[in-house]
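Trainee: Dropping in input28.pdb, which is PDB, C-alpha atoms:
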```pdb
MODEL        1
ATOM      1  CA  MET H  23      49.760  44.323 -12.022  1.00  0.00           C
ATOM      2  CA  ASN H  24      53.116  45.628 -10.839  1.00  0.00           C
ATOM      3  CA  SER H  25      55.137  42.601  -9.718  1.00  0.00           C
ATOM      4  CA  ILE H  26      58.781  41.712 -10.220  1.00  0.00           C
ATOM      5  CA  SER H  27      60.978  38.792  -9.134  1.00  0.00           C
ATOM      6  CA  LEU H  28      64.759  38.781  -9.478  1.00  0.00           C
ATOM      7  CA  VAL H  29      67.641  36.496  -8.516  1.00  0.00           C
ATOM      8  CA  GLY H  30      71.178  37.782  -8.186  1.00  0.00           C
ATOM      9  CA  ARG H  31      74.036  38.686  -5.868  1.00  0.00           C
ATOM     10  CA  LEU H  32      74.348  41.757  -3.667  1.00  0.00           C
ATOM     11  CA  THR H  33      77.054  44.135  -4.878  1.00  0.00           C
ATOM     12  CA  ARG H  34      77.507  45.737  -1.435  1.00  0.00           C
ATOM     13  CA  ASP H  35      76.382  45.362   2.160  1.00  0.00           C
ATOM     14  CA  PRO H  36      72.873  46.709   2.863  1.00  0.00           C
ATOM     15  CA  GLU H  37      72.902  50.372   3.900  1.00  0.00           C
ATOM     16  CA  LEU H  38      70.549  50.934   6.829  1.00  0.00           C
ATOM     17  CA  ARG H  39      68.936  54.243   7.719  1.00  0.00           C
ATOM     18  CA  GLU H  40      65.842  55.358   9.560  1.00  0.00           C
ATOM     19  CA  ARG H  41      63.121  57.752   8.488  1.00  0.00           C
ATOM     20  CA  ASN H  42      60.143  58.676  10.664  1.00  0.00           C
ATOM     21  CA  GLY H  43      60.819  55.693  12.930  1.00  0.00           C
ATOM     22  CA  THR H  44      60.912  53.165  10.060  1.00  0.00           C
ATOM     23  CA  GLU H  45      64.063  51.203   9.239  1.00  0.00           C
ATOM     24  CA  ILE H  46      65.053  51.352   5.549  1.00  0.00           C
ATOM     25  CA  ALA H  47      67.637  49.136   3.832  1.00  0.00           C
ATOM     26  CA  GLY H  48      69.159  50.141   0.507  1.00  0.00           C
ATOM     27  CA  MET H  49      70.824  47.409  -1.547  1.00  0.00           C
ATOM     28  CA  ARG H  50      72.028  46.794  -5.089  1.00  0.00           C
ATOM     29  CA  LEU H  51      71.583  43.500  -6.912  1.00  0.00           C
ATOM     30  CA  ALA H  52      73.635  42.200  -9.849  1.00  0.00           C
ATOM     31  CA  VAL H  53      71.317  40.079 -11.996  1.00  0.00           C
ATOM     32  CA  PRO H  54      73.096  37.838 -14.544  1.00  0.00           C
ATOM     33  CA  ARG H  55      71.995  37.841 -18.199  1.00  0.00           C
ATOM     34  CA  ARG H  56      71.976  35.007 -20.688  1.00  0.00           C
ATOM     35  CA  PRO H  57      75.025  34.743 -22.943  1.00  0.00           C
ATOM     36  CA  ARG H  58      74.576  36.084 -26.491  1.00  0.00           C
ATOM     37  CA  GLY H  59      76.417  34.577 -29.399  1.00  0.00           C
ATOM     38  CA  GLY H  60      78.520  32.531 -27.007  1.00  0.00           C
ATOM     39  CA  GLU H  61      79.730  35.660 -25.184  1.00  0.00           C
ATOM     40  CA  GLN H  62      78.950  36.407 -21.578  1.00  0.00           C
ATOM     41  CA  GLN H  63      76.883  39.583 -21.084  1.00  0.00           C
ATOM     42  CA  PRO H  64      77.476  42.010 -18.212  1.00  0.00           C
ATOM     43  CA  PRO H  65      74.933  41.814 -15.382  1.00  0.00           C
ATOM     44  CA  VAL H  66      72.013  44.182 -14.941  1.00  0.00           C
ATOM     45  CA  TYR H  67      72.328  46.230 -11.733  1.00  0.00           C
ATOM     46  CA  VAL H  68      69.092  46.911  -9.846  1.00  0.00           C
ATOM     47  CA  ASP H  69      68.575  49.115  -6.776  1.00  0.00           C
ATOM     48  CA  LEU H  70      66.472  47.522  -4.018  1.00  0.00           C
ATOM     49  CA  THR H  71      64.751  49.087  -1.027  1.00  0.00           C
ATOM     50  CA  ALA H  72      63.249  47.232   1.936  1.00  0.00           C
ATOM     51  CA  PHE H  73      61.258  48.755   4.795  1.00  0.00           C
ATOM     52  CA  GLY H  74      60.493  47.904   8.419  1.00  0.00           C
ATOM     53  CA  GLN H  75      61.193  44.430   9.768  1.00  0.00           C
ATOM     54  CA  LEU H  76      62.333  43.215   6.337  1.00  0.00           C
ATOM     55  CA  ALA H  77      64.972  45.977   6.275  1.00  0.00           C
ATOM     56  CA  THR H  78      66.169  45.044   9.764  1.00  0.00           C
ATOM     57  CA  ILE H  79      66.500  41.356   8.826  1.00  0.00           C
ATOM     58  CA  CYS H  80      68.341  42.155   5.582  1.00  0.00           C
ATOM     59  CA  GLY H  81      70.730  44.496   7.413  1.00  0.00           C
ATOM     60  CA  LYS H  82      71.463  41.859  10.029  1.00  0.00           C
ATOM     61  CA  HIS H  83      71.872  38.778   7.807  1.00  0.00           C
ATOM     62  CA  LEU H  84      73.014  39.940   4.358  1.00  0.00           C
ATOM     63  CA  GLN H  85      76.359  41.106   3.070  1.00  0.00           C
ATOM     64  CA  LYS H  86      78.076  41.722  -0.249  1.00  0.00           C
ATOM     65  CA  GLY H  87      78.200  38.639  -2.468  1.00  0.00           C
ATOM     66  CA  ARG H  88      75.183  36.843  -0.948  1.00  0.00           C
ATOM     67  CA  ARG H  89      72.798  35.329  -3.492  1.00  0.00           C
ATOM     68  CA  VAL H  90      69.159  36.321  -2.986  1.00  0.00           C
ATOM     69  CA  ALA H  91      65.763  36.080  -4.655  1.00  0.00           C
ATOM     70  CA  VAL H  92      63.682  39.250  -4.349  1.00  0.00           C
ATOM     71  CA  SER H  93      59.965  39.740  -4.973  1.00  0.00           C
ATOM     72  CA  GLY H  94      58.349  43.144  -4.952  1.00  0.00           C
ATOM     73  CA  ARG H  95      57.143  45.996  -7.105  1.00  0.00           C
ATOM     74  CA  LEU H  96      58.904  48.314  -9.526  1.00  0.00           C
ATOM     75  CA  GLU H  97      58.858  52.053  -8.811  1.00  0.00           C
ATOM     76  CA  TYR H  98      60.064  55.025 -10.817  1.00  0.00           C
ATOM     77  CA  SER H  99      61.030  58.389  -9.349  1.00  0.00           C
ATOM     78  CA  GLU H 100      62.161  61.730 -10.727  1.00  0.00           C
ATOM     79  CA  TRP H 101      63.765  64.644  -8.889  1.00  0.00           C
ATOM     80  CA  THR H 102      65.749  67.811  -9.416  1.00  0.00           C
ATOM     81  CA  ASP H 103      68.922  68.338  -7.400  1.00  0.00           C
ATOM     82  CA  ASP H 104      70.234  71.580  -5.885  1.00  0.00           C
ATOM     83  CA  ASN H 105      72.029  72.381  -9.161  1.00  0.00           C
ATOM     84  CA  HIS H 106      68.715  72.093 -11.057  1.00  0.00           C
ATOM     85  CA  ALA H 107      69.835  68.902 -12.801  1.00  0.00           C
ATOM     86  CA  LYS H 108      67.036  66.389 -13.421  1.00  0.00           C
ATOM     87  CA  HIS H 109      67.492  62.787 -12.296  1.00  0.00           C
ATOM     88  CA  SER H 110      65.402  59.639 -12.492  1.00  0.00           C
ATOM     89  CA  LYS H 111      65.682  56.004 -11.452  1.00  0.00           C
ATOM     90  CA  HIS H 112      63.862  52.715 -11.277  1.00  0.00           C
ATOM     91  CA  GLU H 113      64.059  50.637  -8.109  1.00  0.00           C
ATOM     92  CA  VAL H 114      62.463  47.528  -6.674  1.00  0.00           C
ATOM     93  CA  ILE H 115      60.537  47.882  -3.418  1.00  0.00           C
ATOM     94  CA  ALA H 116      61.043  44.460  -1.825  1.00  0.00           C
ATOM     95  CA  ASP H 117      58.142  42.567  -0.260  1.00  0.00           C
ATOM     96  CA  GLN H 118      60.118  39.339   0.220  1.00  0.00           C
ATOM     97  CA  VAL H 119      63.811  38.438   0.185  1.00  0.00           C
ATOM     98  CA  ASP H 120      64.901  34.784   0.119  1.00  0.00           C
ATOM     99  CA  PHE H 121      68.484  34.039   1.141  1.00  0.00           C
ATOM    100  CA  LEU H 122      69.648  31.453  -1.417  1.00  0.00           C
ATOM    101  CA  ASP H 123      73.084  30.585  -0.123  1.00  0.00           C
ATOM    102  CA  PRO H 124      73.888  29.868   3.512  1.00  0.00           C
ATOM    103  CA  PRO H 125      75.878  32.374   5.565  1.00  0.00           C
ATOM    104  CA  ALA H 126      79.180  31.354   7.116  1.00  0.00           C
ATOM    105  CA  ASN H 127      77.383  29.852  10.141  1.00  0.00           C
ATOM    106  CA  GLY H 128      75.262  27.569   7.913  1.00  0.00           C
ATOM    107  CA  GLN H 129      71.822  28.987   8.790  1.00  0.00           C
ATOM    108  CA  THR H 130      69.247  29.651   6.077  1.00  0.00           C
ATOM    109  CA  ALA H 131      66.509  32.229   6.246  1.00  0.00           C
ATOM    110  CA  THR H 132      63.696  33.910   4.398  1.00  0.00           C
ATOM    111  CA  ALA H 133      62.684  37.455   5.098  1.00  0.00           C
ATOM    112  CA  GLU H 134      59.173  38.750   4.460  1.00  0.00           C
ATOM    113  CA  GLY H 135      57.834  42.129   5.347  1.00  0.00           C
ATOM    114  CA  GLU H 136      55.335  44.694   4.378  1.00  0.00           C
ATOM    115  CA  SER H 137      56.498  47.510   2.180  1.00  0.00           C
ATOM    116  CA  LYS H 138      55.754  51.137   2.823  1.00  0.00           C
TER     117      LYS H 138
ENDMDL
END
```
Step by step, read the file and then write its structure as structure tokens.
Mentor:
Amino acid sequence: MNSISLVGRLTRDPELRERNGTEIAGMRLAVPRRPRGGEQQPPVYVDLTAFGQLATICGKHLQKGRRVAVSGRLEYSEWTDDNHAKHSKHEVIADQVDFLDPPANGQTATAEGESK
């Protein structure tokens, strides 16, 4: 089973784009780690991608610093750039995003969508 759930804060506003008529939102999440030996550990940074209606909702209601809970699946991709350098990355494809802190206007929301 490929399932992952994370809670953290967005490090930047969602970046919206469209591909083949489908809205795509790219985000990055800072996930805190437990302190070790009494010292605070740096967060783990995770790339997130949402598709369709979920992407539209995230783009409209989220901004840098918002605390969210994300459920989805982990994906790994590899590619070679124009300079023939190899790259790879892990990312979470979001199926659900829960907004954990209220926006400035005090509304709360949950976003669910199907992933592509």
Trainee: Enumerate, as a ChimeraX atom specification, the residues matched when the PyMOL selection byres ((chain H and resi 37-47) around 6) is run on the file above.
Mentor: /H:36,48,71-74,77
Trainee: For the point (72.0, 34.4, -11.1) in the file's frame, write as a list in words all residues with an atom no more than 7 Å away, counting only C-alpha atoms.
Mentor: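 Counting only C-alpha atoms, I find these residues within 7 Å of (72.0, 34.4, -11.1): Val29, Gly30, Val53 and Pro54 of chain H.
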Trainee: Near range 110-127 of chain H, counting only C-alpha atoms, which residues have an atom at most 10 Å away, once you skip same-chain residues fewer than 2 positions from it, shown as a ChimeraX atom specification?
Mentor: /H:25-31,47-51,68-73,76-77,79-80,83-85,87-102,108,129-138
Trainee: For the selection just defined, write its residues with C-alpha atoms to a file, as a compact mmCIF listing (two decimals), keeping the file's coordinate frame.
Mentor:
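result_5.txt written:
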```
# COMPACT_ATOMS: atom_id res chain seq x y z
CA SER H 25 55.14 42.60 -9.72
CA ILE H 26 58.78 41.71 -10.22
CA SER H 27 60.98 38.79 -9.13
CA LEU H 28 64.76 38.78 -9.48
CA VAL H 29 67.64 36.50 -8.52
CA GLY H 30 71.18 37.78 -8.19
CA ARG H 31 74.04 38.69 -5.87
CA ALA H 47 67.64 49.14 3.83
CA GLY H 48 69.16 50.14 0.51
CA MET H 49 70.82 47.41 -1.55
CA ARG H 50 72.03 46.79 -5.09
CA LEU H 51 71.58 43.50 -6.91
CA VAL H 68 69.09 46.91 -9.85
CA ASP H 69 68.58 49.12 -6.78
CA LEU H 70 66.47 47.52 -4.02
CA THR H 71 64.75 49.09 -1.03
CA ALA H 72 63.25 47.23 1.94
CA PHE H 73 61.26 48.76 4.80
CA LEU H 76 62.33 43.22 6.34
CA ALA H 77 64.97 45.98 6.28
CA ILE H 79 66.50 41.36 8.83
CA CYS H 80 68.34 42.16 5.58
CA HIS H 83 71.87 38.78 7.81
CA LEU H 84 73.01 39.94 4.36
CA GLN H 85 76.36 41.11 3.07
CA GLY H 87 78.20 38.64 -2.47
CA ARG H 88 75.18 36.84 -0.95
CA ARG H 89 72.80 35.33 -3.49
CA VAL H 90 69.16 36.32 -2.99
CA ALA H 91 65.76 36.08 -4.66
CA VAL H 92 63.68 39.25 -4.35
CA SER H 93 59.96 39.74 -4.97
CA GLY H 94 58.35 43.14 -4.95
CA ARG H 95 57.14 46.00 -7.10
CA LEU H 96 58.90 48.31 -9.53
CA GLU H 97 58.86 52.05 -8.81
CA TYR H 98 60.06 55.02 -10.82
CA SER H 99 61.03 58.39 -9.35
CA GLU H 100 62.16 61.73 -10.73
CA TRP H 101 63.76 64.64 -8.89
CA THR H 102 65.75 67.81 -9.42
CA LYS H 108 67.04 66.39 -13.42
CA GLN H 129 71.82 28.99 8.79
CA THR H 130 69.25 29.65 6.08
CA ALA H 131 66.51 32.23 6.25
CA THR H 132 63.70 33.91 4.40
CA ALA H 133 62.68 37.46 5.10
CA GLU H 134 59.17 38.75 4.46
CA GLY H 135 57.83 42.13 5.35
CA GLU H 136 55.34 44.69 4.38
CA SER H 137 56.50 47.51 2.18
CA LYS H 138 55.75 51.14 2.82
```
Trainee: Could you check how far CA of Lys82 in chain H sits from CA of Leu32 in chain H, in Å to one decimal?
Mentor: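 Between CA of Lys82 in chain H and CA of Leu32 in chain H the gap is 14.0 Å.
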Trainee: Kindly give the distance, in Å, that separates CA of Tyr67 in chain H and CA of Arg34 in chain H, rounded to a single decimal.
Mentor: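 Atom-to-atom, CA of Tyr67 in chain H and CA of Arg34 in chain H are spaced 11.5 Å apart.
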Trainee: Name the closest residue to Val66 in chain H among the candidates H:Thr33, H:Ala107, H:Lys86, H:Gly81; distances are taken between atoms, counting only C-alpha atoms.
Mentor: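 Smallest separation from Val66 in chain H among the options: H:Thr33.
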Trainee: Rounded to one decimal place, report the CA of Pro64 in chain H-CA of Asn24 in chain H distance in Å.
Mentor: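 Computed distance, CA of Pro64 in chain H to CA of Asn24 in chain H, equals 25.7 Å.
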Trainee: For range 43-69 of chain H, supply N, CA, C and O atoms and report the output as a PDB file, in the coordinates of the input.
Mentor:
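To be explicit, this is the file written out as out30.pdb:
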```pdb
ATOM      1  N   GLY H  43      60.945  56.882  12.091  1.00  0.00           N
ATOM      2  CA  GLY H  43      60.819  55.693  12.930  1.00  0.00           C
ATOM      3  C   GLY H  43      60.781  54.380  12.180  1.00  0.00           C
ATOM      4  O   GLY H  43      60.606  53.323  12.794  1.00  0.00           O
ATOM      5  N   THR H  44      60.927  54.393  10.870  1.00  0.00           N
ATOM      6  CA  THR H  44      60.912  53.165  10.060  1.00  0.00           C
ATOM      7  C   THR H  44      62.307  52.877   9.541  1.00  0.00           C
ATOM      8  O   THR H  44      62.957  53.745   8.967  1.00  0.00           O
ATOM      9  N   GLU H  45      62.761  51.641   9.750  1.00  0.00           N
ATOM     10  CA  GLU H  45      64.063  51.203   9.239  1.00  0.00           C
ATOM     11  C   GLU H  45      63.962  51.012   7.727  1.00  0.00           C
ATOM     12  O   GLU H  45      62.982  50.470   7.217  1.00  0.00           O
ATOM     13  N   ILE H  46      64.997  51.468   7.006  1.00  0.00           N
ATOM     14  CA  ILE H  46      65.053  51.352   5.549  1.00  0.00           C
ATOM     15  C   ILE H  46      66.407  50.758   5.178  1.00  0.00           C
ATOM     16  O   ILE H  46      67.442  51.210   5.669  1.00  0.00           O
ATOM     17  N   ALA H  47      66.406  49.748   4.322  1.00  0.00           N
ATOM     18  CA  ALA H  47      67.637  49.136   3.832  1.00  0.00           C
ATOM     19  C   ALA H  47      67.752  49.373   2.333  1.00  0.00           C
ATOM     20  O   ALA H  47      66.845  49.029   1.578  1.00  0.00           O
ATOM     21  N   GLY H  48      68.864  49.962   1.919  1.00  0.00           N
ATOM     22  CA  GLY H  48      69.159  50.141   0.507  1.00  0.00           C
ATOM     23  C   GLY H  48      70.187  49.117   0.071  1.00  0.00           C
ATOM     24  O   GLY H  48      71.187  48.901   0.759  1.00  0.00           O
ATOM     25  N   MET H  49      69.926  48.454  -1.046  1.00  0.00           N
ATOM     26  CA  MET H  49      70.824  47.409  -1.547  1.00  0.00           C
ATOM     27  C   MET H  49      70.911  47.518  -3.061  1.00  0.00           C
ATOM     28  O   MET H  49      70.084  48.163  -3.693  1.00  0.00           O
ATOM     29  N   ARG H  50      71.913  46.879  -3.633  1.00  0.00           N
ATOM     30  CA  ARG H  50      72.028  46.794  -5.089  1.00  0.00           C
ATOM     31  C   ARG H  50      72.268  45.333  -5.449  1.00  0.00           C
ATOM     32  O   ARG H  50      73.079  44.648  -4.850  1.00  0.00           O
ATOM     33  N   LEU H  51      71.543  44.882  -6.477  1.00  0.00           N
ATOM     34  CA  LEU H  51      71.583  43.500  -6.912  1.00  0.00           C
ATOM     35  C   LEU H  51      72.175  43.414  -8.313  1.00  0.00           C
ATOM     36  O   LEU H  51      71.787  44.188  -9.195  1.00  0.00           O
ATOM     37  N   ALA H  52      73.104  42.494  -8.522  1.00  0.00           N
ATOM     38  CA  ALA H  52      73.635  42.200  -9.849  1.00  0.00           C
ATOM     39  C   ALA H  52      72.898  40.967 -10.367  1.00  0.00           C
ATOM     40  O   ALA H  52      73.009  39.884  -9.791  1.00  0.00           O
ATOM     41  N   VAL H  53      72.124  41.156 -11.427  1.00  0.00           N
ATOM     42  CA  VAL H  53      71.317  40.079 -11.996  1.00  0.00           C
ATOM     43  C   VAL H  53      71.996  39.608 -13.280  1.00  0.00           C
ATOM     44  O   VAL H  53      72.176  40.397 -14.214  1.00  0.00           O
ATOM     45  N   PRO H  54      72.407  38.323 -13.340  1.00  0.00           N
ATOM     46  CA  PRO H  54      73.096  37.838 -14.544  1.00  0.00           C
ATOM     47  C   PRO H  54      72.159  37.786 -15.742  1.00  0.00           C
ATOM     48  O   PRO H  54      70.947  37.629 -15.599  1.00  0.00           O
ATOM     49  N   ARG H  55      72.753  37.942 -16.945  1.00  0.00           N
ATOM     50  CA  ARG H  55      71.995  37.841 -18.199  1.00  0.00           C
ATOM     51  C   ARG H  55      72.463  36.612 -18.966  1.00  0.00           C
ATOM     52  O   ARG H  55      73.576  36.125 -18.764  1.00  0.00           O
ATOM     53  N   ARG H  56      71.618  36.161 -19.861  1.00  0.00           N
ATOM     54  CA  ARG H  56      71.976  35.007 -20.688  1.00  0.00           C
ATOM     55  C   ARG H  56      73.075  35.393 -21.665  1.00  0.00           C
ATOM     56  O   ARG H  56      73.079  36.509 -22.202  1.00  0.00           O
ATOM     57  N   PRO H  57      73.988  34.463 -21.941  1.00  0.00           N
ATOM     58  CA  PRO H  57      75.025  34.743 -22.943  1.00  0.00           C
ATOM     59  C   PRO H  57      74.402  34.952 -24.323  1.00  0.00           C
ATOM     60  O   PRO H  57      73.386  34.350 -24.656  1.00  0.00           O
ATOM     61  N   ARG H  58      75.018  35.822 -25.117  1.00  0.00           N
ATOM     62  CA  ARG H  58      74.576  36.084 -26.491  1.00  0.00           C
ATOM     63  C   ARG H  58      75.708  35.739 -27.433  1.00  0.00           C
ATOM     64  O   ARG H  58      76.813  36.231 -27.269  1.00  0.00           O
ATOM     65  N   GLY H  59      75.406  34.941 -28.412  1.00  0.00           N
ATOM     66  CA  GLY H  59      76.417  34.577 -29.399  1.00  0.00           C
ATOM     67  C   GLY H  59      77.640  33.931 -28.763  1.00  0.00           C
ATOM     68  O   GLY H  59      78.749  34.115 -29.226  1.00  0.00           O
ATOM     69  N   GLY H  60      77.423  33.192 -27.679  1.00  0.00           N
ATOM     70  CA  GLY H  60      78.520  32.531 -27.007  1.00  0.00           C
ATOM     71  C   GLY H  60      79.338  33.429 -26.084  1.00  0.00           C
ATOM     72  O   GLY H  60      80.254  32.984 -25.429  1.00  0.00           O
ATOM     73  N   GLU H  61      78.992  34.730 -26.034  1.00  0.00           N
ATOM     74  CA  GLU H  61      79.730  35.660 -25.184  1.00  0.00           C
ATOM     75  C   GLU H  61      78.915  36.015 -23.950  1.00  0.00           C
ATOM     76  O   GLU H  61      77.714  36.258 -24.036  1.00  0.00           O
ATOM     77  N   GLN H  62      79.600  36.034 -22.829  1.00  0.00           N
ATOM     78  CA  GLN H  62      78.950  36.407 -21.578  1.00  0.00           C
ATOM     79  C   GLN H  62      78.566  37.888 -21.598  1.00  0.00           C
ATOM     80  O   GLN H  62      79.339  38.729 -22.036  1.00  0.00           O
ATOM     81  N   GLN H  63      77.370  38.211 -21.144  1.00  0.00           N
ATOM     82  CA  GLN H  63      76.883  39.583 -21.084  1.00  0.00           C
ATOM     83  C   GLN H  63      77.096  40.140 -19.677  1.00  0.00           C
ATOM     84  O   GLN H  63      77.032  39.391 -18.703  1.00  0.00           O
ATOM     85  N   PRO H  64      77.342  41.441 -19.551  1.00  0.00           N
ATOM     86  CA  PRO H  64      77.476  42.010 -18.212  1.00  0.00           C
ATOM     87  C   PRO H  64      76.144  41.934 -17.467  1.00  0.00           C
ATOM     88  O   PRO H  64      75.083  41.912 -18.086  1.00  0.00           O
ATOM     89  N   PRO H  65      76.186  41.894 -16.142  1.00  0.00           N
ATOM     90  CA  PRO H  65      74.933  41.814 -15.382  1.00  0.00           C
ATOM     91  C   PRO H  65      74.142  43.117 -15.454  1.00  0.00           C
ATOM     92  O   PRO H  65      74.672  44.178 -15.802  1.00  0.00           O
ATOM     93  N   VAL H  66      72.876  43.016 -15.104  1.00  0.00           N
ATOM     94  CA  VAL H  66      72.013  44.182 -14.941  1.00  0.00           C
ATOM     95  C   VAL H  66      72.050  44.527 -13.452  1.00  0.00           C
ATOM     96  O   VAL H  66      71.893  43.654 -12.603  1.00  0.00           O
ATOM     97  N   TYR H  67      72.276  45.798 -13.126  1.00  0.00           N
ATOM     98  CA  TYR H  67      72.328  46.230 -11.733  1.00  0.00           C
ATOM     99  C   TYR H  67      71.004  46.890 -11.370  1.00  0.00           C
ATOM    100  O   TYR H  67      70.531  47.783 -12.083  1.00  0.00           O
ATOM    101  N   VAL H  68      70.411  46.447 -10.263  1.00  0.00           N
ATOM    102  CA  VAL H  68      69.092  46.911  -9.846  1.00  0.00           C
ATOM    103  C   VAL H  68      69.173  47.390  -8.401  1.00  0.00           C
ATOM    104  O   VAL H  68      69.677  46.678  -7.528  1.00  0.00           O
ATOM    105  N   ASP H  69      68.657  48.601  -8.142  1.00  0.00           N
ATOM    106  CA  ASP H  69      68.575  49.115  -6.776  1.00  0.00           C
ATOM    107  C   ASP H  69      67.361  48.515  -6.094  1.00  0.00           C
ATOM    108  O   ASP H  69      66.279  48.414  -6.683  1.00  0.00           O
TER     109      ASP H  69
END
```
